[in-house]
>>> print(open('upload_16.txt').read())   # compact mmCIF, C-alpha atoms (C1' of nucleotides)
# COMPACT_ATOMS: atom_id res chain seq x y z
CA MET A 1 356.08 160.94 -104.35
CA ASP A 2 359.35 159.26 -103.35
CA VAL A 3 359.86 157.97 -99.85
CA VAL A 4 362.91 159.42 -98.09
CA LEU A 5 365.11 157.24 -95.89
CA VAL A 6 366.37 159.00 -92.78
CA ARG A 7 368.94 157.75 -90.32
CA TRP A 8 367.74 158.44 -86.82
CA PRO A 9 368.57 160.04 -84.49
CA GLU A 10 371.59 161.24 -86.49
CA GLU A 11 369.65 163.12 -89.16
CA ASP A 12 367.15 164.78 -86.87
CA ALA A 13 367.41 168.13 -88.62
CA ARG A 14 366.56 166.51 -91.94
CA LEU A 15 363.60 164.76 -90.33
CA ARG A 16 362.13 168.03 -89.08
CA GLN A 17 362.39 169.43 -92.56
CA LEU A 18 360.59 166.45 -94.07
CA ARG A 19 357.83 166.69 -91.49
CA GLU A 20 357.38 170.33 -92.45
CA THR A 21 356.94 169.54 -96.11
CA GLY A 22 354.85 166.45 -95.49
CA SER A 23 357.16 164.12 -97.38
CA PRO A 24 356.73 160.42 -96.77
CA ARG A 25 359.72 159.13 -94.81
CA LEU A 26 361.10 155.99 -93.26
CA LEU A 27 363.33 156.32 -90.19
CA LEU A 28 366.18 153.84 -89.87
CA LEU A 29 366.74 153.40 -86.15
CA ASN A 30 370.30 152.84 -85.07
CA GLY A 31 370.97 150.33 -82.33
CA GLU A 32 369.21 151.09 -79.07
CA SER A 33 367.44 154.32 -80.02
CA GLU A 34 363.90 154.81 -78.80
CA PRO A 35 361.27 154.77 -81.57
CA PRO A 36 359.88 158.24 -82.37
CA GLU A 37 356.37 159.09 -81.24
CA SER A 38 354.90 160.70 -84.33
CA ALA A 39 351.42 159.51 -85.25
CA ASP A 40 351.73 160.87 -88.78
CA CYS A 41 350.56 158.32 -91.34
CA LEU A 42 353.34 159.37 -93.71
CA GLU A 43 356.05 158.52 -91.19
CA ASP A 44 357.23 155.05 -90.34
CA TRP A 45 360.31 153.54 -88.77
CA ILE A 46 362.24 150.30 -88.64
CA ARG A 47 365.02 149.15 -86.37
CA LEU A 48 368.38 148.23 -87.87
CA PRO A 49 369.62 145.74 -88.75
CA ALA A 50 366.55 144.87 -90.78
CA ASP A 51 365.54 142.44 -93.47
CA ASP A 52 365.66 144.12 -96.86
CA ARG A 53 362.14 142.84 -97.68
CA ASP A 54 360.78 144.57 -94.61
CA VAL A 55 362.37 147.87 -95.55
CA ARG A 56 360.95 147.63 -99.04
CA ALA A 57 357.52 146.71 -97.71
CA ARG A 58 357.42 149.75 -95.44
CA VAL A 59 358.67 152.03 -98.20
CA ALA A 60 356.00 150.67 -100.51
CA ARG A 61 353.32 151.23 -97.92
CA LEU A 62 354.36 154.82 -97.37
CA ALA A 63 354.46 155.43 -101.10
CA SER A 64 351.00 153.98 -101.46
CA ARG A 65 349.67 156.25 -98.74
CA SER A 66 351.26 159.35 -100.21
CA GLU A 67 349.32 158.76 -103.40
CA THR A 68 345.95 159.83 -102.12
CA GLN A 69 344.39 158.35 -105.23
CA GLN A 70 344.91 154.90 -106.52
CA PRO A 71 346.44 154.94 -109.98
CA ALA A 72 343.97 155.15 -112.83
CA PRO A 73 344.24 153.11 -116.04
CA GLN A 74 345.18 154.81 -119.29
CA VAL A 75 343.71 154.54 -122.75
CA ASP A 76 346.27 155.35 -125.41
CA GLY A 77 345.67 156.59 -128.96
CA ASP A 78 345.60 153.07 -130.33
CA GLY A 79 342.74 151.90 -128.19
CA LEU A 80 344.87 150.02 -125.69
CA LEU A 81 343.77 150.17 -122.09
CA ARG A 82 346.85 149.87 -119.87
CA TYR A 83 346.81 149.09 -116.18
CA ARG A 84 349.63 147.98 -113.91
CA GLY A 85 351.90 146.99 -116.75
CA ARG A 86 349.33 144.98 -118.66
CA TRP A 87 346.95 145.92 -121.43
CA VAL A 88 344.02 144.83 -123.55
CA ALA A 89 342.86 146.08 -126.94
CA LEU A 90 339.50 147.81 -127.10
CA SER A 91 337.14 148.28 -129.99
CA PRO A 92 336.33 151.87 -131.05
CA VAL A 93 333.07 152.05 -129.13
CA GLU A 94 334.63 150.47 -126.07
CA SER A 95 337.51 152.96 -126.27
CA ALA A 96 335.12 155.88 -126.22
CA LEU A 97 333.35 154.47 -123.20
CA ALA A 98 336.58 153.55 -121.41
CA ILE A 99 338.11 157.00 -121.99
CA THR A 100 335.07 158.62 -120.44
CA LEU A 101 335.11 156.28 -117.46
CA VAL A 102 338.88 156.56 -116.91
CA ASP A 103 338.55 160.31 -117.05
CA ARG A 104 336.45 160.15 -113.89
CA PHE A 105 338.00 157.02 -112.43
CA GLY A 106 336.32 156.10 -109.17
CA ALA A 107 333.33 158.38 -109.76
CA VAL A 108 329.97 157.86 -111.40
CA VAL A 109 329.50 158.73 -115.07
CA GLY A 110 325.94 159.11 -116.28
CA ARG A 111 324.52 156.91 -119.00
CA ASP A 112 323.68 159.94 -121.11
CA THR A 113 327.27 161.20 -120.91
CA LEU A 114 328.58 157.84 -122.01
CA ALA A 115 326.04 157.58 -124.81
CA ARG A 116 326.93 161.03 -126.14
CA ARG A 117 330.64 160.19 -126.16
CA ALA A 118 330.17 156.88 -127.92
CA TRP A 119 327.50 158.04 -130.39
CA PRO A 120 327.60 161.84 -130.87
CA GLU A 121 325.01 161.50 -133.63
CA GLY A 122 322.57 159.80 -131.34
CA THR A 123 322.26 156.53 -129.51
CA PRO A 124 321.18 153.68 -131.79
CA THR A 125 319.02 151.90 -129.18
CA ARG A 126 318.55 152.16 -125.45
CA ASN A 127 320.01 148.73 -125.02
CA ALA A 128 323.12 149.39 -127.13
CA LEU A 129 324.92 151.01 -124.22
CA ASP A 130 324.15 148.09 -121.94
CA VAL A 131 325.51 145.61 -124.43
CA HIS A 132 328.72 147.50 -125.04
CA MET A 133 329.19 147.99 -121.32
CA LEU A 134 328.84 144.27 -120.86
CA ARG A 135 331.47 143.65 -123.51
CA LEU A 136 333.77 146.25 -121.98
CA ARG A 137 333.40 144.65 -118.58
CA ARG A 138 334.41 141.27 -119.85
CA ARG A 139 337.35 142.64 -121.72
CA ILE A 140 338.91 144.58 -118.88
CA SER A 141 338.22 142.12 -116.10
CA PRO A 142 341.51 140.20 -116.65
CA LEU A 143 343.36 143.43 -115.82
CA GLY A 144 341.72 143.78 -112.43
CA VAL A 145 339.52 146.68 -113.47
CA GLU A 146 335.78 146.60 -113.04
CA VAL A 147 332.79 148.70 -113.99
CA ARG A 148 330.09 148.89 -111.36
CA THR A 149 326.53 149.91 -112.00
CA VAL A 150 324.96 152.60 -109.89
CA ARG A 151 321.31 152.17 -110.58
CA SER A 152 319.54 155.02 -112.33
CA ARG A 153 322.74 157.08 -112.08
CA GLY A 154 325.32 155.53 -114.33
CA TYR A 155 328.50 153.52 -114.23
CA LEU A 156 331.70 153.71 -112.18
CA MET A 157 335.12 152.31 -113.06
CA GLN A 158 337.46 151.24 -110.30
CA ALA A 159 340.10 148.71 -109.33
CA ALA A 160 338.44 145.32 -108.96
CA GLN A 161 337.61 144.54 -105.36
CA PRO A 162 337.46 141.07 -103.87
CA ARG A 163 333.88 139.95 -103.55
CA ALA A 164 332.51 140.75 -100.12
CA ASP A 165 330.21 137.72 -100.01
CA ALA A 166 333.16 135.46 -99.21
CA GLN A 167 332.88 135.35 -95.47
CA MET B 1 339.85 152.20 -79.06
CA ASP B 2 342.10 149.32 -78.10
CA VAL B 3 344.73 148.05 -80.49
CA VAL B 4 344.34 144.36 -81.32
CA LEU B 5 347.35 142.10 -81.72
CA VAL B 6 346.99 139.55 -84.52
CA ARG B 7 349.28 136.66 -85.29
CA TRP B 8 349.86 136.54 -88.99
CA PRO B 9 349.31 134.69 -91.24
CA GLU B 10 347.72 132.28 -88.73
CA GLU B 11 344.82 134.53 -87.75
CA ASP B 12 343.93 135.72 -91.21
CA ALA B 13 340.18 135.34 -90.64
CA ARG B 14 340.39 137.53 -87.57
CA LEU B 15 342.37 140.12 -89.51
CA ARG B 16 339.67 140.36 -92.16
CA GLN B 17 337.10 140.94 -89.47
CA LEU B 18 339.15 143.72 -87.90
CA ARG B 19 339.63 145.38 -91.28
CA GLU B 20 335.87 145.28 -91.74
CA THR B 21 335.21 147.10 -88.52
CA GLY B 22 338.16 149.48 -88.87
CA SER B 23 339.75 148.45 -85.60
CA PRO B 24 343.39 149.43 -85.13
CA ARG B 25 345.55 146.32 -85.28
CA LEU B 26 349.17 145.23 -85.09
CA LEU B 27 350.20 142.14 -87.02
CA LEU B 28 352.84 139.93 -85.44
CA LEU B 29 354.68 138.31 -88.34
CA ASN B 30 355.90 134.81 -87.76
CA GLY B 31 359.31 133.87 -89.08
CA GLU B 32 359.66 134.33 -92.81
CA SER B 33 356.16 135.56 -93.66
CA GLU B 34 355.84 138.35 -96.18
CA PRO B 35 354.55 141.64 -94.76
CA PRO B 36 350.95 142.40 -95.78
CA GLU B 37 350.29 145.10 -98.35
CA SER B 38 347.55 147.11 -96.69
CA ALA B 39 348.03 150.86 -96.83
CA ASP B 40 345.49 151.41 -94.06
CA CYS B 41 346.82 153.85 -91.47
CA LEU B 42 345.18 151.83 -88.70
CA GLU B 43 347.15 148.71 -89.59
CA ASP B 44 350.81 148.09 -88.76
CA TRP B 45 353.03 145.06 -88.49
CA ILE B 46 356.23 143.94 -86.83
CA ARG B 47 358.37 140.89 -87.38
CA LEU B 48 358.94 138.46 -84.52
CA PRO B 49 361.00 138.14 -82.47
CA ALA B 50 360.77 141.82 -81.60
CA ASP B 51 361.91 144.16 -78.89
CA ASP B 52 359.10 144.78 -76.43
CA ARG B 53 359.69 148.53 -76.61
CA ASP B 54 359.13 148.43 -80.35
CA VAL B 55 355.84 146.57 -80.02
CA ARG B 56 354.63 149.04 -77.41
CA ALA B 57 355.71 151.97 -79.56
CA ARG B 58 353.76 150.69 -82.55
CA VAL B 59 350.70 149.93 -80.44
CA ALA B 60 350.84 153.42 -78.99
CA ARG B 61 351.11 154.94 -82.42
CA LEU B 62 348.07 153.01 -83.68
CA ALA B 63 346.09 153.98 -80.60
CA SER B 64 346.96 157.61 -81.08
CA ARG B 65 345.83 157.48 -84.70
CA SER B 66 342.55 155.78 -83.93
CA GLU B 67 341.69 158.52 -81.44
CA THR B 68 342.46 161.40 -83.75
CA GLN B 69 340.81 159.85 -86.79
CA GLN B 70 337.03 159.80 -86.48
CA PRO B 71 336.01 160.69 -89.99
CA ALA B 72 332.39 161.14 -90.96
CA PRO B 73 331.04 159.40 -94.05
CA GLN B 74 330.35 161.40 -97.16
CA VAL B 75 327.42 161.31 -99.55
CA ASP B 76 328.51 162.49 -102.98
CA GLY B 77 326.35 163.99 -105.68
CA ASP B 78 325.69 160.62 -107.24
CA GLY B 79 324.11 159.02 -104.21
CA LEU B 80 327.21 157.14 -103.12
CA LEU B 81 327.92 156.95 -99.43
CA ARG B 82 331.68 156.68 -98.98
CA TYR B 83 333.38 155.63 -95.78
CA ARG B 84 336.96 154.56 -95.18
CA GLY B 85 337.70 153.96 -98.82
CA ARG B 86 334.61 151.93 -99.56
CA TRP B 87 331.16 152.89 -100.78
CA VAL B 88 327.62 151.75 -101.33
CA ALA B 89 325.02 153.14 -103.69
CA LEU B 90 321.92 154.62 -102.09
CA SER B 91 318.47 155.03 -103.57
CA PRO B 92 317.14 158.61 -103.82
CA VAL B 93 315.11 158.41 -100.61
CA GLU B 94 317.97 156.81 -98.76
CA SER B 95 320.30 159.51 -100.04
CA ALA B 96 318.09 162.23 -98.63
CA LEU B 97 318.00 160.52 -95.26
CA ALA B 98 321.73 159.75 -95.25
CA ILE B 99 322.67 163.31 -96.17
CA THR B 100 320.65 164.62 -93.26
CA LEU B 101 322.15 162.12 -90.84
CA VAL B 102 325.73 162.60 -92.07
CA ASP B 103 325.23 166.34 -91.72
CA ARG B 104 324.85 165.83 -87.98
CA PHE B 105 327.04 162.74 -87.72
CA GLY B 106 327.08 161.49 -84.15
CA ALA B 107 324.11 163.62 -83.11
CA VAL B 108 320.38 162.97 -83.03
CA VAL B 109 318.21 164.04 -85.96
CA GLY B 110 314.47 164.25 -85.36
CA ARG B 111 312.03 162.10 -87.28
CA ASP B 112 310.18 165.15 -88.54
CA THR B 113 313.39 166.64 -89.91
CA LEU B 114 314.18 163.43 -91.73
CA ALA B 115 310.65 163.10 -93.07
CA ARG B 116 310.66 166.68 -94.39
CA ARG B 117 313.97 166.12 -96.15
CA ALA B 118 312.86 162.90 -97.77
CA TRP B 119 309.31 163.97 -98.65
CA PRO B 120 308.99 167.79 -98.77
CA GLU B 121 305.43 167.32 -100.02
CA GLY B 122 304.45 165.23 -97.05
CA THR B 123 305.13 161.77 -95.72
CA PRO B 124 303.25 159.08 -97.66
CA THR B 125 302.51 156.81 -94.70
CA ARG B 126 303.23 156.75 -91.01
CA ASN B 127 305.78 153.99 -91.16
CA ALA B 128 307.34 154.89 -94.51
CA LEU B 129 310.21 156.52 -92.67
CA ASP B 130 310.73 153.44 -90.54
CA VAL B 131 310.86 151.16 -93.54
CA HIS B 132 313.35 153.33 -95.39
CA MET B 133 315.43 153.67 -92.25
CA LEU B 134 315.51 149.89 -91.97
CA ARG B 135 316.68 149.61 -95.56
CA LEU B 136 319.29 152.30 -95.02
CA ARG B 137 320.58 150.51 -91.95
CA ARG B 138 321.02 147.27 -93.84
CA ARG B 139 322.70 148.93 -96.75
CA ILE B 140 325.32 150.82 -94.80
CA SER B 141 326.10 148.11 -92.26
CA PRO B 142 328.78 146.50 -94.48
CA LEU B 143 330.68 149.79 -94.32
CA GLY B 144 330.77 149.79 -90.53
CA VAL B 145 328.24 152.59 -90.15
CA GLU B 146 325.10 152.24 -88.08
CA VAL B 147 321.95 154.20 -87.30
CA ARG B 148 320.78 154.05 -83.72
CA THR B 149 317.30 154.87 -82.54
CA VAL B 150 316.77 157.37 -79.76
CA ARG B 151 313.25 156.78 -78.71
CA SER B 152 310.84 159.70 -79.13
CA ARG B 153 313.80 161.81 -80.23
CA GLY B 154 314.95 160.52 -83.59
CA TYR B 155 317.91 158.73 -85.15
CA LEU B 156 321.66 158.99 -84.82
CA MET B 157 324.32 157.88 -87.29
CA GLN B 158 327.69 156.78 -86.03
CA ALA B 159 330.55 154.38 -86.64
CA ALA B 160 329.38 150.85 -85.88
CA GLN B 161 330.25 149.60 -82.43
CA PRO B 162 330.72 145.88 -81.87
CA ARG B 163 328.91 145.60 -78.52
CA ALA B 164 326.76 148.65 -77.94
CA ASP B 165 324.56 147.04 -75.30
CA ALA B 166 326.56 148.60 -72.50
CA GLN B 167 325.19 152.10 -72.85
C1' DA C 1 298.21 145.53 -61.36
C1' DA C 2 295.77 145.23 -65.62
C1' DA C 3 294.35 147.46 -69.78
C1' DC C 4 295.44 150.50 -73.14
C1' DA C 5 297.49 153.66 -76.58
C1' DC C 6 301.70 154.86 -78.67
C1' DC C 7 305.94 154.15 -80.96
C1' DG C 8 309.18 151.70 -83.52
C1' DT C 9 310.81 147.29 -85.98
C1' DT C 10 310.33 143.95 -89.30
C1' DC C 11 308.14 141.28 -92.81
C1' DA C 12 305.45 140.21 -96.99
C1' DC C 13 303.57 141.89 -101.00
C1' DC C 14 302.81 144.65 -105.31
C1' DG C 15 303.69 147.58 -109.47
C1' DC C 16 307.05 149.80 -111.97
C1' DG C 17 311.16 150.44 -114.40
C1' DG C 18 316.23 150.00 -115.06
C1' DC C 19 319.45 146.98 -116.35
C1' DG C 20 321.83 142.28 -117.57
C1' DA C 21 322.55 138.83 -120.70
C1' DA C 22 321.99 135.83 -124.51
C1' DA C 23 320.94 135.14 -129.22
C1' DC C 24 320.68 136.73 -133.74
C1' DA C 25 321.76 139.53 -137.75
C1' DG C 26 324.20 142.91 -140.54
C1' DT C 27 328.64 145.11 -141.87
C1' DC C 28 333.44 145.63 -142.65
C1' DG C 29 338.34 144.39 -143.25
C1' DC C 30 341.94 140.93 -143.99
C1' DG D 1 334.93 133.35 -146.23
C1' DC D 2 336.30 134.13 -141.71
C1' DG D 3 336.51 136.72 -137.72
C1' DA D 4 335.89 141.11 -135.32
C1' DC D 5 332.77 144.83 -134.51
C1' DT D 6 328.29 146.61 -134.08
C1' DG D 7 323.26 146.98 -133.64
C1' DT D 8 318.69 144.88 -132.39
C1' DT D 9 315.36 142.05 -130.11
C1' DT D 10 313.75 139.43 -126.37
C1' DC D 11 313.49 137.65 -121.89
C1' DG D 12 313.81 138.09 -117.14
C1' DC D 13 315.85 139.46 -112.81
C1' DC D 14 315.92 142.61 -109.24
C1' DG D 15 316.13 147.27 -107.14
C1' DC D 16 313.02 150.77 -105.72
C1' DG D 17 309.08 152.91 -103.40
C1' DG D 18 304.77 152.31 -101.13
C1' DT D 19 301.34 149.78 -98.24
C1' DG D 20 299.32 146.86 -94.70
C1' DA D 21 299.94 144.00 -90.88
C1' DA D 22 302.05 141.47 -87.02
C1' DC D 23 305.02 141.92 -83.17
C1' DG D 24 307.19 143.87 -79.10
C1' DG D 25 308.52 147.39 -75.81
C1' DT D 26 307.21 151.58 -73.05
C1' DG D 27 304.68 154.74 -70.62
C1' DT D 28 300.01 156.13 -69.13
C1' DT D 29 295.44 155.52 -67.58
C1' DT D 30 291.90 153.27 -65.01
>>> encode(input="upload_16.txt", output="structure tokens")
Amino acid sequence: MDVVLVRWPEEDARLRQLRETGSPRLLLLNGESEPPESADCLEDWIRLPADDRDVRARVARLASRSETQQPAPQVDGDGLLRYRGRWVALSPVESALAITLVDRFGAVVGRDTLARRAWPEGTPTRNALDVHMLRLRRRISPLGVEVRTVRSRGYLMQAAQPRADAQ
Amino acid sequence: MDVVLVRWPEEDARLRQLRETGSPRLLLLNGESEPPESADCLEDWIRLPADDRDVRARVARLASRSETQQPAPQVDGDGLLRYRGRWVALSPVESALAITLVDRFGAVVGRDTLARRAWPEGTPTRNALDVHMLRLRRRISPLGVEVRTVRSRGYLMQAAQPRADAQ
DNA sequence: AAACACCGTTCACCGCGGCGAAACAGTCGC
DNA sequence: GCGACTGTTTCGCCGCGGTGAACGGTGTTT
């Protein structure tokens, strides 16, 4: 959803309307105006005159918040996994697995579900899924996407997170 | 909860710590630094030099948010305990315990209740519950969630508090 | 006050099974 | 024939659940 820029306090009526509809909005404070008191996470403000970088940063932050979900990758018909403007080519088996994981991005997908999607006729070996998951992991890691294992439950695809052991 | 002022980028280590614990924080940007990209509603920033009114307004807004936002963790169907955008995987026994505790988040749950949920057939050993509670504690601590003991009453799950000795 | 039972924490250990990873081999297309 | 894709085997780590034991704090009994 687009972030709306509102001059304040001039456009107070417009602000009320945006608050009603829950649109993300950035108030541009003129001169000596007092900052508004709203605690709404989708409302922010900045005092003019302001650095253009700062305005863009606040707009970006509001936009990011308004998207409750982080954007999911896409797998197109040619087996390309696209994410944040970059892409990698996947093999047929990896495509089937990636499509299933992207479909439930951020949630766990069971091993049996993945196996059925990749091999409708029947899984070749128990270990085959592990091996292909390993290969998929390595292929998509340059894009900043990772597949996490949830033991005895399945796998979960998500945006790569910085390792927490760096303290 | 008090809002913490952080010089940035100088006090980056401190910022990471505050993000871990979910403390509301206001970053004071020095000179030409780029604004940080966090979309966290409990984080805000302002570029120095700044009007004192503006700093106070942003601090007040963060404080107001931290009071109204006391979300409970969630345990999804796949044994993942989610809290403030992060998650950890729980084992089956830990899931049963966590679900019971989350269900009464912030209140005491009796040991017998927990034991019945985890082992409907009967508790294996006297201290089995203790051991699994210890493991649950360690697993969820990175998320900023803790389980406190209320002697002869049971256990209580809550958001982790830095210095809980003053009780 | 000392002795004691009770409760809770933490550790070490074991058996089991899920999963990771490497190495190897077979197949297919260019 | 070369490289990409796939399947298989093998090895081994480590998470999980259960158990026993040591330790410490607390309240009760003698």
>>> interface_residues(input="upload_16.txt", of="chain B", to="chain C", cutoff="10 Å", atoms="all atoms listed in the file", output="ChimeraX atom specification")
/B:127,130-131,134,149,151-152
>>> interface_residues(input="upload_16.txt", of="chain A", to="chain B", cutoff="6 Å", atoms="only C-alpha atoms", output="list in words")
Ala39, Cys41, Arg61 and Arg65 of chain A
>>> write_last_selection(input="upload_16.txt", atoms="C-alpha atoms", output="PDB file, in the coordinates of the input")
ATOM      1  CA  ALA A  39     351.420 159.510 -85.250  1.00  0.00           C
ATOM      2  CA  CYS A  41     350.560 158.320 -91.340  1.00  0.00           C
ATOM      3  CA  ARG A  61     353.320 151.230 -97.920  1.00  0.00           C
ATOM      4  CA  ARG A  65     349.670 156.250 -98.740  1.00  0.00           C
TER       5      ARG A  65
END
>>> atom_distance(input="upload_16.txt", atom1="CA of Met133 in chain B", atom2="CA of Arg148 in chain A")
24.6 Å
>>> closest_residue(input="upload_16.txt", among="B:Glu94, B:Glu121, B:Asp112, B:Glu146", to="chain D", atoms="only C-alpha atoms (C1' of nucleotides)")
B:Glu94
>>> closest_residue(input="upload_16.txt", among="A:Leu114, A:Ala98, A:Ala107, A:Val93", to="chain D", atoms="all atoms listed in the file")
A:Val93
>>> axis_aligned_box(input="upload_16.txt", around="range 9-19 of chain C", padding_each_side="4 Å", output="JSON")
{"center_x": 311.1, "center_y": 145.3, "center_z": -101.2, "size_x": 24.6, "size_y": 18.2, "size_z": 38.4}
>>> calpha_fit_rmsd(input="upload_16.txt", fixed="chain B", moving="chain A")
11.6 Å
>>> atom_distance(input="upload_16.txt", atom1="CA of Asp52 in chain B", atom2="CA of Gly22 in chain A")
29.2 Å
>>> closest_atom_pairs(input="upload_16.txt", of="chain D", to="chain B", cutoff="12 Å", atoms="all atoms listed in the file", output="JSON lines")
{"residue": "D:DG15", "atom": "C1'", "partner": "B:Ser91", "partner_atom": "CA", "distance": 8.9}
{"residue": "D:DC16", "atom": "C1'", "partner": "B:Ser91", "partner_atom": "CA", "distance": 7.2}
{"residue": "D:DG17", "atom": "C1'", "partner": "B:Val93", "partner_atom": "CA", "distance": 8.6}
{"residue": "D:DG18", "atom": "C1'", "partner": "B:Ala128", "partner_atom": "CA", "distance": 7.6}
{"residue": "D:DT19", "atom": "C1'", "partner": "B:Thr125", "partner_atom": "CA", "distance": 8.0}
{"residue": "D:DG20", "atom": "C1'", "partner": "B:Asn127", "partner_atom": "CA", "distance": 10.3}
{"residue": "D:DA21", "atom": "C1'", "partner": "B:Asn127", "partner_atom": "CA", "distance": 11.6}
{"residue": "D:DG25", "atom": "C1'", "partner": "B:Arg151", "partner_atom": "CA", "distance": 10.9}
{"residue": "D:DT26", "atom": "C1'", "partner": "B:Arg151", "partner_atom": "CA", "distance": 9.8}
{"residue": "D:DG27", "atom": "C1'", "partner": "B:Ser152", "partner_atom": "CA", "distance": 11.6}
>>> atom_distance(input="upload_16.txt", atom1="CA of Leu28 in chain A", atom2="CA of Pro24 in chain B")
23.7 Å
>>> residues_around(input="upload_16.txt", residues="Thr100 in chain A", least_positions_apart="4", cutoff="10 Å", atoms="all atoms listed in the file", output="ChimeraX atom specification")
/A:75,94-96,104-105,109,113-114,117-118,157
>>> build_atoms(input="upload_16.txt", residues="range 87-107 of chain B", atoms="N, CA and C atoms", output="mmCIF file, in the frame of the given file")
data_model
loop_
_atom_site.group_PDB
_atom_site.id
_atom_site.type_symbol
_atom_site.label_atom_id
_atom_site.label_comp_id
_atom_site.auth_asym_id
_atom_site.auth_seq_id
_atom_site.Cartn_x
_atom_site.Cartn_y
_atom_site.Cartn_z
ATOM 1 N N TRP B 87 332.392 152.159 -100.507
ATOM 2 C CA TRP B 87 331.160 152.890 -100.780
ATOM 3 C C TRP B 87 330.023 151.928 -101.061
ATOM 4 N N VAL B 88 328.829 152.445 -100.905
ATOM 5 C CA VAL B 88 327.620 151.750 -101.330
ATOM 6 C C VAL B 88 326.737 152.766 -102.033
ATOM 7 N N ALA B 89 325.954 152.266 -102.982
ATOM 8 C CA ALA B 89 325.020 153.140 -103.690
ATOM 9 C C ALA B 89 323.725 153.214 -102.899
ATOM 10 N N LEU B 90 323.174 154.418 -102.811
ATOM 11 C CA LEU B 90 321.920 154.620 -102.090
ATOM 12 C C LEU B 90 320.823 154.984 -103.084
ATOM 13 N N SER B 91 319.613 154.590 -102.771
ATOM 14 C CA SER B 91 318.470 155.030 -103.570
ATOM 15 C C SER B 91 318.197 156.494 -103.234
ATOM 16 N N PRO B 92 317.412 157.183 -104.054
ATOM 17 C CA PRO B 92 317.140 158.610 -103.820
ATOM 18 C C PRO B 92 316.608 158.907 -102.422
ATOM 19 N N VAL B 93 315.647 158.137 -101.953
ATOM 20 C CA VAL B 93 315.110 158.410 -100.610
ATOM 21 C C VAL B 93 316.187 158.173 -99.569
ATOM 22 N N GLU B 94 316.905 157.097 -99.719
ATOM 23 C CA GLU B 94 317.970 156.810 -98.760
ATOM 24 C C GLU B 94 319.038 157.894 -98.780
ATOM 25 N N SER B 95 319.325 158.429 -99.959
ATOM 26 C CA SER B 95 320.300 159.510 -100.040
ATOM 27 C C SER B 95 319.859 160.702 -99.221
ATOM 28 N N ALA B 96 318.598 161.081 -99.370
ATOM 29 C CA ALA B 96 318.090 162.230 -98.630
ATOM 30 C C ALA B 96 318.230 162.013 -97.129
ATOM 31 N N LEU B 97 317.888 160.821 -96.688
ATOM 32 C CA LEU B 97 318.000 160.520 -95.260
ATOM 33 C C LEU B 97 319.464 160.517 -94.825
ATOM 34 N N ALA B 98 320.323 159.868 -95.624
ATOM 35 C CA ALA B 98 321.730 159.750 -95.250
ATOM 36 C C ALA B 98 322.404 161.112 -95.209
ATOM 37 N N ILE B 99 322.066 161.976 -96.164
ATOM 38 C CA ILE B 99 322.670 163.310 -96.170
ATOM 39 C C ILE B 99 322.328 164.041 -94.886
ATOM 40 N N THR B 100 321.070 163.939 -94.479
ATOM 41 C CA THR B 100 320.650 164.620 -93.260
ATOM 42 C C THR B 100 321.359 164.061 -92.035
ATOM 43 N N LEU B 101 321.511 162.741 -92.000
ATOM 44 C CA LEU B 101 322.150 162.120 -90.840
ATOM 45 C C LEU B 101 323.657 162.398 -90.825
ATOM 46 N N VAL B 102 324.289 162.335 -91.990
ATOM 47 C CA VAL B 102 325.730 162.600 -92.070
ATOM 48 C C VAL B 102 326.006 164.044 -91.668
ATOM 49 N N ASP B 103 325.086 164.923 -92.023
ATOM 50 C CA ASP B 103 325.230 166.340 -91.720
ATOM 51 C C ASP B 103 325.368 166.565 -90.217
ATOM 52 N N ARG B 104 324.731 165.730 -89.439
ATOM 53 C CA ARG B 104 324.850 165.830 -87.980
ATOM 54 C C ARG B 104 325.390 164.519 -87.441
ATOM 55 N N PHE B 105 326.466 164.036 -88.071
ATOM 56 C CA PHE B 105 327.040 162.740 -87.720
ATOM 57 C C PHE B 105 327.353 162.670 -86.229
ATOM 58 N N GLY B 106 326.835 161.658 -85.583
ATOM 59 C CA GLY B 106 327.080 161.490 -84.150
ATOM 60 C C GLY B 106 326.065 162.184 -83.277
ATOM 61 N N ALA B 107 325.133 162.930 -83.888
ATOM 62 C CA ALA B 107 324.110 163.620 -83.110
ATOM 63 C C ALA B 107 322.730 163.151 -83.567
#
